[in-house]
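Engineer: Here it is: the structure, laid out below.
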Amino acid sequence: MRKVLIALAGNQNSGKTTLFNRLTGSNQHVGNFPGVTVERKEGTIKSYKEATLVDLPGIYSLSPYTSEEVVTRDFILEGHPDVLINIVDATNIERNLYLSLQLLELEIPMVIALNMMDEVNASGNSIDVKKLSDKLGVPVVPISAGKNEGIFDLIDTLKKTVREIKPKQSDDEILKMPQFDFCSGEVHRAIHAIAHIVEDHARRLQYPLRFTATKLVEGDELIEQALALHQDDRDIIDKIVQSMEQALGLDREAALADMRYTYIEQLVKECVVKRNETLAHVRSEKLDRIFTHKYLGIPVFIMIMLAVFYLTFGPIGGTLKALMEEGVGYVIDALSAFLVSVGVSDWLHALIIDGICNGVGSVVSFLPLIVVLFFFLSLLEDSGYMARVAFVMDKALRKIGLSGKSFVPMLIGFGCSVPAIMSARTLSSERDRKMTIIVTPFMSCSAKLPIYGMITAAFFPEHTALVLIAVYGLGILVAIVSALLLKRTVFQGEPIPFVLELPNYRIPDARSVVLHMWEKAKDFLVRAFTIIFVASILIWFLQSFDFTLHMVADSGESMLAQLGTWLSHIFAPLGFEDWRASTALVTGITAKESVVSTLSVLTNATSDAGLSAALMNIFTPVSAFAYLCFTVLYMPCVAAFAATKRELGSMKEAMFTALFQTGAAYIVALIVYQLGTLLFM
């Protein structure tokens with residue numbers, strides 16, 4: 001039996017992710033849409049095992065301005081979902097219905113999930129759901145995804161909609177369907193006239209006729225290219241559109257937008273009773289007087305992040321990390337005793353304990369820091385605060401040649417550079433997109449947290465939060481300087497205008513926060529037991545044998561020592577004379593956590609305390625801080641490099657980006673070490 005394919009579409013900040021999590025629970029997996037690097041989630045609906053739900057990127061329209069809009073549209077047109085779920089924010093229904101009207105034109109059975117109805121009712125407002133359903137010609141289900149209300153009604157409606165799927169109607173019948181009554185006058189005549197011209201072409205591509213004709217009225221270049229129209233047909237379509245524009249006194253896009261919003265206003269007037277602003281909106285306005293204040297906005301953001309770092313590396317994260325370290329140490333000691341008791345050979349014991357366990361274990365012990373940090377970041381994001389940060393940062397970013405919209409990928413970069421680089425696709429300006437991709441890896445991704453924890457524990461245990469703020473601030477500062485440099489050289493011009501919706505502040509959904517934490521923890525553990533596992537074995541082998549494949553008693557005589565010694569000459573001006581320090585930087589290109597595992601293997605450290613003691617012999621406090629600065633800034637992991645190549649479209653540009661980032665890291669670390677040496681030594 002073929003599984004039912006259901007697509008979930010809606011505006012950003014409409015509760016789409018929360019609804020997806022409610023419907024699928026843990027029955028989901030993450031991948032990419034074919035041919036693109038925009039992330040997709042899909043899962044099985046919990047009480048509807050026959051249905052697969054695909055979470056499409058959050059969009060505001062089906063116009064091809066961003067990759068998300070193109071991905072969503074292409075998936076619906078070419079993926080042929082059986083049913084669409086259109087999630088609509090009931091507290092901002094006017095704006096959300098604009099996308100709904102466009103989705104109706106795709107001629108796919110649709111169910112509208114009217115979300116946040118609890119806020120509408122709490123404010124004394126109301127929506128006539130039945131009348132709204134009758135007017136739009138599709139089922140409308142009131143829900144509150146955050147409170148898990150109406151979810152089962154939504155699933156029941158989906159099942160009923162699937163059962164009642166009818167054979168496709170003729171094109172003439174579709175053009176006359178009652179849910180398209182909003183289309184009238186000159187626009188209506190233009191759509192009908194164009195529909196008759198492109199009917200055969202649309203049928204060949206299996207495109208909905210009404211949608212195709214509407215997009216041609218809009219001037220959609222992607223649809224025009226796909227249809228491969230004859231020049232005579234194009235000329236006729238241009239004349240039809242010009243006639244419409246002259247009659248209305250509006251250009252083609254404005255004419256369609258005016259038609260849709262006019263209908264939405266009438267629809268809302270008939271179906272919505274609005275007595276008061278929602279409590280969430282009133283509360284948001286009060287909070288924004290502080291969080292988006294002209295002068296207080298950025299200082300408040302810095303204070304919040306300082307508190308997050310303090311709690312992550314201090315009372316909460318630090319305590320949990322110590323417990324994790326004890327647990328890892330206990331397991332390694334027990335395994336070591338067991339291996340000795342069964343009489344395994346010395347080299348195998350060394351491989352398992354000194355190579356694998358010490359390498360992987362040194363990284364796993366930092367798992368609590370990852371989980372705690374993303375717990376706080378998830379709270380800030382789900383509450384709606386992070387959108388305010390982008391708004392506050394717009395003015396500052398505009399001065400360096402970027403817009404506030406670039407802050408979103410940069411913000412994601414604090415989690416992982418790969419999705420951050422991918423998310424730059426949301427920028428419609430090619431100039432802004434490339435600049436953002438180049439500077440985003442300067443943000444400190446979560447994979448670097450173990451390095452920060454390792455260095456601060458050894459050299460700055462009493463000033464961890466301040467050092468972390470300095471390190472994160474350095475990444476931001478270098479990104480700013482780099483953007484200014486790029487603006488005046490390679491990417492001259494001005495950034496595009498920045499338009500951002502500020503969602504109401506809301507209490508974060510506990511389930512979404514937990515799932516976000518689990519995803520990050522799982523990703524961290526997968527890397528620990530795959531990439532870092534293999535890297536630890538390789539590093540142990542290279543530092544245990546010489547080029548004649550004889551096991552060495554002194555790792556300084558190993559293959560790795562000889563290779564690392566050559567590299568150490570390059571890094572000596574930065575204070576990294578020890579070959580082990582430079583070697584760890586090279587392995588960090590595979591995954592940044594490998595820097596910690598490599599140093600653990602090379603120093604034979606069996607605990608964090610042992611690693612800290614070993615680092616004292618490799619670095620001074622000044623060179624340790626310079627090492628931190630270098631790891632913050634130099635080229636990201638190979639996965640991020642691959643994402644950069646895909647997004648920029650050429651190996652040449654990707655190599656330029658990697659060399660630019662590593663060059664910036666070298667210069668900054670050189671300045672820090674040389675100045676620090678003069679001032680403190």
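Ordering of the structure tokens sets the chain letters (A, B, ...); residue numbers start at 1 within each chain; ligands are numbered from 1 in the order shown.
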Among stretch 194-250 of chain A, which residues does DSSP mark as helix (DSSP H, G or I) when it is run on the backbone? Keep the chain and numbering as in the structure and answer as an MDAnalysis selection string.

Structural biologist: chainID A and resid 194:205 209:218 221:227 231:248

Engineer: Env of A:Phe459: 12 Å cut, atoms = only C-alpha atoms, seq-sep filter 5 positions within chain, self excluded. Answer as an MDAnalysis selection string.

Structural biologist: chainID A and resid 452:454 464 467 609 611:625 627:628

Engineer: Give me the residues within 8 Å of A:Ser336 as a ChimeraX atom specification, counting only C-alpha atoms and dropping any in the same chain fewer than 3 places off.

Structural biologist: /A:332-333,339-340,349,353

Engineer: Which residue, A:Gly575, A:Ala122, A:Val344, A:Glu224, has the smallest gap to A:Ile671 when you use only C-alpha atoms?

Structural biologist: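 Checking each of A:Gly575, A:Ala122, A:Val344, A:Glu224 against A:Ile671, counting only C-alpha atoms, the winner is A:Gly575.
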
Engineer: Residues at most 9 Å from stretch 209-219 of chain A, counting only C-alpha atoms, excluding those fewer than 4 positions away in the same chain, as a short mmCIF file (atom, residue, chain, number, x, y, z; two decimals) with all heavy atoms, in the first residue's frame?

Structural biologist:
```
data_model
loop_
_atom_site.label_atom_id
_atom_site.label_comp_id
_atom_site.auth_asym_id
_atom_site.auth_seq_id
_atom_site.Cartn_x
_atom_site.Cartn_y
_atom_site.Cartn_z
N SER A 63 6.23 33.14 -4.74
CA SER A 63 7.01 33.86 -5.75
C SER A 63 8.48 33.48 -5.59
O SER A 63 8.96 33.30 -4.48
CB SER A 63 6.84 35.38 -5.57
OG SER A 63 5.48 35.73 -5.72
N GLN A 102 -2.59 31.51 -2.52
CA GLN A 102 -1.68 30.98 -3.54
C GLN A 102 -1.66 29.46 -3.54
O GLN A 102 -1.62 28.83 -4.59
CB GLN A 102 -0.27 31.52 -3.30
CG GLN A 102 -0.13 33.02 -3.57
CD GLN A 102 1.30 33.50 -3.37
OE1 GLN A 102 1.87 33.34 -2.29
NE2 GLN A 102 1.88 34.06 -4.40
N LEU A 103 -1.70 28.85 -2.34
CA LEU A 103 -1.70 27.40 -2.25
C LEU A 103 -2.97 26.80 -2.85
O LEU A 103 -2.95 25.70 -3.41
CB LEU A 103 -1.54 26.96 -0.79
CG LEU A 103 -0.19 27.26 -0.13
CD1 LEU A 103 -0.22 26.91 1.34
CD2 LEU A 103 0.94 26.49 -0.83
N LEU A 104 -4.08 27.52 -2.74
CA LEU A 104 -5.32 27.03 -3.33
C LEU A 104 -5.18 26.84 -4.84
O LEU A 104 -5.79 25.94 -5.42
CB LEU A 104 -6.46 28.03 -3.05
CG LEU A 104 -7.07 28.00 -1.64
CD1 LEU A 104 -8.05 29.16 -1.48
CD2 LEU A 104 -7.76 26.67 -1.37
N GLU A 105 -4.39 27.70 -5.46
CA GLU A 105 -4.23 27.64 -6.92
C GLU A 105 -3.46 26.40 -7.38
O GLU A 105 -3.44 26.09 -8.56
CB GLU A 105 -3.52 28.91 -7.42
CG GLU A 105 -4.35 30.17 -7.21
CD GLU A 105 -3.58 31.43 -7.57
OE1 GLU A 105 -2.35 31.34 -7.70
OE2 GLU A 105 -4.21 32.49 -7.70
N LEU A 106 -2.84 25.69 -6.43
CA LEU A 106 -2.08 24.50 -6.78
C LEU A 106 -2.98 23.28 -6.98
O LEU A 106 -2.52 22.21 -7.37
CB LEU A 106 -1.03 24.21 -5.71
CG LEU A 106 0.10 25.24 -5.62
CD1 LEU A 106 0.92 25.04 -4.36
CD2 LEU A 106 0.99 25.17 -6.85
N GLU A 107 -4.27 23.46 -6.66
CA GLU A 107 -5.28 22.43 -6.95
C GLU A 107 -4.99 21.10 -6.25
O GLU A 107 -5.26 20.02 -6.79
CB GLU A 107 -5.40 22.21 -8.46
CG GLU A 107 -5.77 23.48 -9.22
CD GLU A 107 -5.58 23.34 -10.72
OE1 GLU A 107 -5.51 22.19 -11.20
OE2 GLU A 107 -5.50 24.37 -11.41
N ASP A 171 -9.99 21.44 -16.53
CA ASP A 171 -9.43 22.78 -16.33
C ASP A 171 -10.53 23.84 -16.29
O ASP A 171 -10.45 24.79 -15.50
CB ASP A 171 -8.44 23.09 -17.46
CG ASP A 171 -7.18 22.23 -17.35
OD1 ASP A 171 -6.81 21.88 -16.21
OD2 ASP A 171 -6.59 21.90 -18.39
N ILE A 174 -12.11 23.80 -12.87
CA ILE A 174 -11.23 24.37 -11.85
C ILE A 174 -11.22 25.89 -11.91
O ILE A 174 -11.28 26.57 -10.89
CB ILE A 174 -9.80 23.81 -12.01
CG1 ILE A 174 -9.79 22.33 -11.62
CG2 ILE A 174 -8.80 24.58 -11.16
CD1 ILE A 174 -8.50 21.61 -11.95
N LEU A 175 -11.17 26.43 -13.11
CA LEU A 175 -11.14 27.89 -13.26
C LEU A 175 -12.40 28.54 -12.70
O LEU A 175 -12.39 29.71 -12.32
CB LEU A 175 -10.97 28.26 -14.73
CG LEU A 175 -9.59 27.98 -15.35
CD1 LEU A 175 -9.64 28.13 -16.85
CD2 LEU A 175 -8.54 28.89 -14.75
N VAL A 187 -7.97 41.22 -13.78
CA VAL A 187 -7.03 40.14 -13.49
C VAL A 187 -7.64 38.79 -13.86
O VAL A 187 -6.97 37.92 -14.44
CB VAL A 187 -6.63 40.16 -11.99
CG1 VAL A 187 -5.68 39.01 -11.68
CG2 VAL A 187 -5.97 41.49 -11.63
N ALA A 190 -7.49 38.31 -17.55
CA ALA A 190 -6.12 38.03 -18.00
C ALA A 190 -5.74 36.58 -17.72
O ALA A 190 -5.14 35.90 -18.57
CB ALA A 190 -5.15 38.99 -17.32
N ILE A 191 -6.10 36.09 -16.53
CA ILE A 191 -5.77 34.70 -16.17
C ILE A 191 -6.48 33.73 -17.11
O ILE A 191 -5.88 32.76 -17.61
CB ILE A 191 -6.15 34.42 -14.70
CG1 ILE A 191 -5.21 35.19 -13.76
CG2 ILE A 191 -6.10 32.93 -14.40
CD1 ILE A 191 -5.59 35.10 -12.30
N HIS A 192 -7.76 33.98 -17.39
CA HIS A 192 -8.50 33.09 -18.28
C HIS A 192 -7.92 33.10 -19.69
O HIS A 192 -7.78 32.03 -20.33
CB HIS A 192 -9.98 33.53 -18.32
CG HIS A 192 -10.84 32.75 -17.37
ND1 HIS A 192 -11.55 31.65 -17.75
CD2 HIS A 192 -11.07 32.91 -16.05
CE1 HIS A 192 -12.21 31.17 -16.71
NE2 HIS A 192 -11.94 31.92 -15.67
N ALA A 193 -7.58 34.28 -20.18
CA ALA A 193 -7.05 34.37 -21.55
C ALA A 193 -5.71 33.64 -21.66
O ALA A 193 -5.47 32.90 -22.63
CB ALA A 193 -6.89 35.85 -21.93
N ILE A 194 -4.85 33.83 -20.67
CA ILE A 194 -3.54 33.18 -20.70
C ILE A 194 -3.68 31.67 -20.51
O ILE A 194 -2.93 30.88 -21.11
CB ILE A 194 -2.61 33.80 -19.64
CG1 ILE A 194 -2.29 35.25 -20.01
CG2 ILE A 194 -1.33 32.99 -19.49
CD1 ILE A 194 -1.50 36.00 -18.95
N ALA A 195 -4.64 31.26 -19.70
CA ALA A 195 -4.85 29.83 -19.46
C ALA A 195 -5.13 29.08 -20.75
O ALA A 195 -4.63 27.96 -20.97
CB ALA A 195 -5.99 29.63 -18.47
N HIS A 196 -5.90 29.66 -21.62
CA HIS A 196 -6.22 29.00 -22.88
C HIS A 196 -4.98 28.90 -23.79
O HIS A 196 -4.86 27.95 -24.57
CB HIS A 196 -7.34 29.75 -23.61
CG HIS A 196 -8.67 29.61 -22.92
ND1 HIS A 196 -9.29 28.40 -22.75
CD2 HIS A 196 -9.49 30.54 -22.35
CE1 HIS A 196 -10.44 28.58 -22.12
NE2 HIS A 196 -10.58 29.87 -21.86
N ILE A 197 -4.06 29.85 -23.66
CA ILE A 197 -2.85 29.84 -24.49
C ILE A 197 -1.87 28.75 -24.04
O ILE A 197 -1.24 28.08 -24.85
CB ILE A 197 -2.16 31.22 -24.46
CG1 ILE A 197 -3.08 32.28 -25.08
CG2 ILE A 197 -0.82 31.19 -25.18
CD1 ILE A 197 -2.57 33.70 -24.92
N VAL A 198 -1.74 28.58 -22.72
CA VAL A 198 -0.70 27.69 -22.19
C VAL A 198 -1.26 26.34 -21.73
O VAL A 198 -0.54 25.55 -21.11
CB VAL A 198 0.04 28.36 -21.01
CG1 VAL A 198 0.67 29.66 -21.45
CG2 VAL A 198 -0.90 28.60 -19.82
N GLU A 199 -2.51 26.06 -22.04
CA GLU A 199 -3.15 24.84 -21.54
C GLU A 199 -2.36 23.59 -21.88
O GLU A 199 -2.09 22.74 -21.03
CB GLU A 199 -4.57 24.74 -22.11
CG GLU A 199 -5.36 23.57 -21.57
CD GLU A 199 -6.80 23.60 -22.05
OE1 GLU A 199 -7.19 24.58 -22.72
OE2 GLU A 199 -7.52 22.63 -21.76
N ALA A 202 1.05 23.44 -19.93
CA ALA A 202 0.86 23.13 -18.51
C ALA A 202 0.53 21.65 -18.32
O ALA A 202 1.03 21.00 -17.39
CB ALA A 202 -0.25 24.01 -17.92
N ARG A 203 -0.31 21.11 -19.22
CA ARG A 203 -0.67 19.69 -19.12
C ARG A 203 0.56 18.82 -19.34
O ARG A 203 0.73 17.79 -18.69
CB ARG A 203 -1.76 19.38 -20.13
CG ARG A 203 -2.35 17.97 -19.96
CD ARG A 203 -3.43 17.66 -20.98
NE ARG A 203 -4.58 18.54 -20.81
CZ ARG A 203 -4.99 19.41 -21.73
NH1 ARG A 203 -4.32 19.53 -22.88
NH2 ARG A 203 -6.05 20.17 -21.52
N ILE A 223 8.73 29.83 -14.33
CA ILE A 223 7.61 29.16 -15.00
C ILE A 223 7.70 29.38 -16.51
O ILE A 223 7.47 28.45 -17.31
CB ILE A 223 6.27 29.67 -14.46
CG1 ILE A 223 6.10 29.26 -13.00
CG2 ILE A 223 5.10 29.16 -15.29
CD1 ILE A 223 5.95 27.77 -12.78
N GLU A 224 8.05 30.59 -16.91
CA GLU A 224 8.19 30.88 -18.35
C GLU A 224 9.23 29.96 -18.99
O GLU A 224 9.03 29.42 -20.08
CB GLU A 224 8.58 32.35 -18.55
CG GLU A 224 7.45 33.34 -18.27
CD GLU A 224 7.89 34.77 -18.52
OE1 GLU A 224 9.05 34.96 -18.98
OE2 GLU A 224 7.11 35.69 -18.25
N ILE A 237 0.89 36.97 -24.63
CA ILE A 237 0.77 37.07 -23.17
C ILE A 237 1.19 38.46 -22.70
O ILE A 237 0.54 39.07 -21.84
CB ILE A 237 1.62 35.97 -22.49
CG1 ILE A 237 0.98 34.61 -22.75
CG2 ILE A 237 1.75 36.23 -21.00
CD1 ILE A 237 1.83 33.44 -22.30
N ASP A 238 2.27 39.00 -23.26
CA ASP A 238 2.72 40.34 -22.89
C ASP A 238 1.65 41.38 -23.19
O ASP A 238 1.42 42.31 -22.39
CB ASP A 238 4.01 40.69 -23.64
CG ASP A 238 5.21 39.93 -23.11
OD1 ASP A 238 5.12 39.41 -21.98
OD2 ASP A 238 6.23 39.83 -23.83
N ILE A 240 -1.60 40.87 -23.31
CA ILE A 240 -2.70 40.67 -22.35
C ILE A 240 -2.36 41.34 -21.02
O ILE A 240 -3.19 42.02 -20.41
CB ILE A 240 -2.97 39.17 -22.15
CG1 ILE A 240 -3.54 38.56 -23.44
CG2 ILE A 240 -3.94 38.94 -21.00
CD1 ILE A 240 -3.65 37.04 -23.40
N VAL A 241 -1.14 41.13 -20.57
CA VAL A 241 -0.72 41.71 -19.29
C VAL A 241 -0.66 43.24 -19.38
O VAL A 241 -1.09 43.94 -18.46
CB VAL A 241 0.66 41.14 -18.87
CG1 VAL A 241 1.18 41.88 -17.64
CG2 VAL A 241 0.55 39.65 -18.58
N ARG A 252 1.94 44.43 -12.93
CA ARG A 252 1.39 43.07 -12.87
C ARG A 252 1.42 42.48 -11.46
O ARG A 252 0.43 41.87 -11.01
CB ARG A 252 2.14 42.17 -13.85
CG ARG A 252 3.64 42.06 -13.58
CD ARG A 252 4.46 41.72 -14.82
NE ARG A 252 3.96 40.54 -15.52
CZ ARG A 252 4.39 40.16 -16.72
NH1 ARG A 252 5.32 40.88 -17.35
NH2 ARG A 252 3.90 39.09 -17.31
N GLU A 253 2.53 42.65 -10.72
CA GLU A 253 2.62 42.07 -9.38
C GLU A 253 1.70 42.81 -8.41
O GLU A 253 1.04 42.19 -7.57
CB GLU A 253 4.07 42.12 -8.89
CG GLU A 253 5.00 41.20 -9.67
CD GLU A 253 6.41 41.19 -9.09
OE1 GLU A 253 6.55 40.80 -7.92
OE2 GLU A 253 7.34 41.58 -9.81
N ALA A 254 1.67 44.12 -8.51
CA ALA A 254 0.81 44.91 -7.63
C ALA A 254 -0.66 44.59 -7.88
O ALA A 254 -1.47 44.58 -6.95
CB ALA A 254 1.07 46.40 -7.84
N ALA A 255 -1.01 44.33 -9.14
CA ALA A 255 -2.41 44.02 -9.48
C ALA A 255 -2.85 42.74 -8.80
O ALA A 255 -3.95 42.67 -8.22
CB ALA A 255 -2.56 43.91 -10.99
N LEU A 256 -2.01 41.71 -8.83
CA LEU A 256 -2.36 40.44 -8.18
C LEU A 256 -2.40 40.59 -6.66
O LEU A 256 -3.30 40.07 -6.00
CB LEU A 256 -1.35 39.37 -8.57
CG LEU A 256 -1.61 38.66 -9.91
CD1 LEU A 256 -0.40 37.87 -10.35
CD2 LEU A 256 -2.82 37.75 -9.79
#
```

Engineer: I'd like the contact shell of A:Ile469 - 9 Å cut-off, only C-alpha atoms, skipping same-chain residues fewer than 6 positions apart - returned as a compact mmCIF listing (two decimals) with C-alpha atoms, in the first residue's frame.

Structural biologist:
```txt
# COMPACT_ATOMS: atom_id res chain seq x y z
CA ILE A 302 25.51 41.14 25.46
CA MET A 305 24.77 36.09 26.29
CA LEU A 306 27.19 36.66 29.17
CA PHE A 309 27.98 31.51 28.93
```

Engineer: DSSP on the backbone, then: every residue of stretch 109-332 of chain A marked strand (DSSP E), written as a list of chain:residue names.

Structural biologist: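 Restricting stretch 109-332 of chain A to strand (DSSP E) produces A:Met110, A:Val111, A:Ile112, A:Ala113, A:Leu114, A:Asn115, A:Ser126, A:Ile127, A:Val140, A:Val141, A:Pro142, A:Val272, A:Val273.
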
Engineer: Using only N, CA and C atoms, please write the residues we just selected to a file, as a CSV table (one decimal), in the first residue's frame.

Structural biologist:
```
chain,number,residue,atom,x,y,z
A,110,MET,N,-6.4,20.5,0.4
A,110,MET,CA,-5.7,21.2,1.5
A,110,MET,C,-6.5,21.3,2.8
A,111,VAL,N,-5.8,21.3,3.9
A,111,VAL,CA,-6.5,21.5,5.2
A,111,VAL,C,-5.8,22.6,5.8
A,112,ILE,N,-6.5,23.6,6.3
A,112,ILE,CA,-5.9,24.8,7.0
A,112,ILE,C,-5.9,24.5,8.5
A,113,ALA,N,-4.7,24.6,9.1
A,113,ALA,CA,-4.6,24.4,10.6
A,113,ALA,C,-4.5,25.8,11.1
A,114,LEU,N,-5.6,26.3,11.8
A,114,LEU,CA,-5.7,27.6,12.3
A,114,LEU,C,-5.0,27.7,13.7
A,115,ASN,N,-3.8,28.0,13.7
A,115,ASN,CA,-3.0,27.9,15.0
A,115,ASN,C,-3.1,29.1,15.9
A,126,SER,N,-12.7,36.4,18.2
A,126,SER,CA,-13.3,35.1,17.7
A,126,SER,C,-13.1,35.0,16.2
A,127,ILE,N,-13.1,33.8,15.7
A,127,ILE,CA,-13.1,33.5,14.3
A,127,ILE,C,-14.2,32.5,14.0
A,140,VAL,N,-11.1,23.8,7.6
A,140,VAL,CA,-10.3,24.7,8.5
A,140,VAL,C,-10.5,24.1,9.9
A,141,VAL,N,-9.3,23.8,10.6
A,141,VAL,CA,-9.3,23.2,11.9
A,141,VAL,C,-8.6,24.1,12.9
A,142,PRO,N,-9.3,24.6,14.0
A,142,PRO,CA,-8.7,25.4,15.0
A,142,PRO,C,-7.8,24.6,15.9
A,272,VAL,N,-14.0,37.2,11.1
A,272,VAL,CA,-13.3,37.5,12.3
A,272,VAL,C,-13.9,38.6,13.0
A,273,VAL,N,-14.0,38.4,14.4
A,273,VAL,CA,-14.5,39.5,15.3
A,273,VAL,C,-13.3,39.9,16.1
```

Engineer: Atom CA of A:Arg289 and atom CA of A:Met410, how far apart in Å?

Structural biologist: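 Spanning atom CA of A:Met410 to atom CA of A:Arg289 is a straight-line distance of 24.7 Å.
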
Engineer: Name the closest residue to A:Tyr385 among the candidates A:Thr292, A:Ser597, A:Thr530, A:Ser144; distances are taken between atoms, counting only C-alpha atoms.

Structural biologist: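 Among the listed residues, A:Thr292 lies closest to A:Tyr385.
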
Engineer: So which one's closest to A:Met244, A:Met386, A:Ser482, A:His188, A:Ala257? Using only C-alpha atoms, please.

Structural biologist: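 Closest candidate: A:His188.
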
Engineer: Leaving out A:Ala465 and any residue of its chain fewer than 4 positions from it, which residues lie within 12 Å of it when counting only C-alpha atoms, given as a list of chain:residue names?

Structural biologist: A:Ile302, A:Met303, A:Met305, A:Leu306, A:Ala307, A:Val308, A:Phe309, A:Tyr310, A:Leu311, A:Thr312, A:Phe313, A:Gly314, A:Pro315, A:Gly317, A:Gly318, A:Tyr452, A:Gly453, A:Thr456, A:Ala457, A:Phe460, A:Pro461, A:Ile469, A:Ala470, A:Val471, A:Tyr472, A:Gly473

Engineer: With only C-alpha atoms as the basis for distance, which of A:Leu477, A:Val632, A:Leu229, A:Leu648 is at the shortest distance from A:Asp432?

Structural biologist: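 Of the candidates, the smallest distance to A:Asp432 is held by A:Leu648.
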
Engineer: Of the candidates A:Phe660, A:Tyr261, A:Phe366, A:Trp347, which shows the shortest atom-to-atom distance to A:Ile451, using only C-alpha atoms?

Structural biologist: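 Smallest separation from A:Ile451 among the options: A:Phe366.
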
Engineer: Taking 4 positions as the minimum chain separation for residues in the same chain, which residues sit within 10 Å of A:Trp518 when counting only C-alpha atoms? Answer as a PyMOL selection string.

Structural biologist: chain A and resi 371+374-375+512-514+522-524

Engineer: For each of A:Leu560, A:Val552, A:Met116, A:Ile531, take the minimum atom-to-atom distance to A:Arg506, counting only C-alpha atoms, then give the residue where this is smallest.

Structural biologist: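 Looking only at the distances to A:Arg506, the closest residue turns out to be A:Met116.
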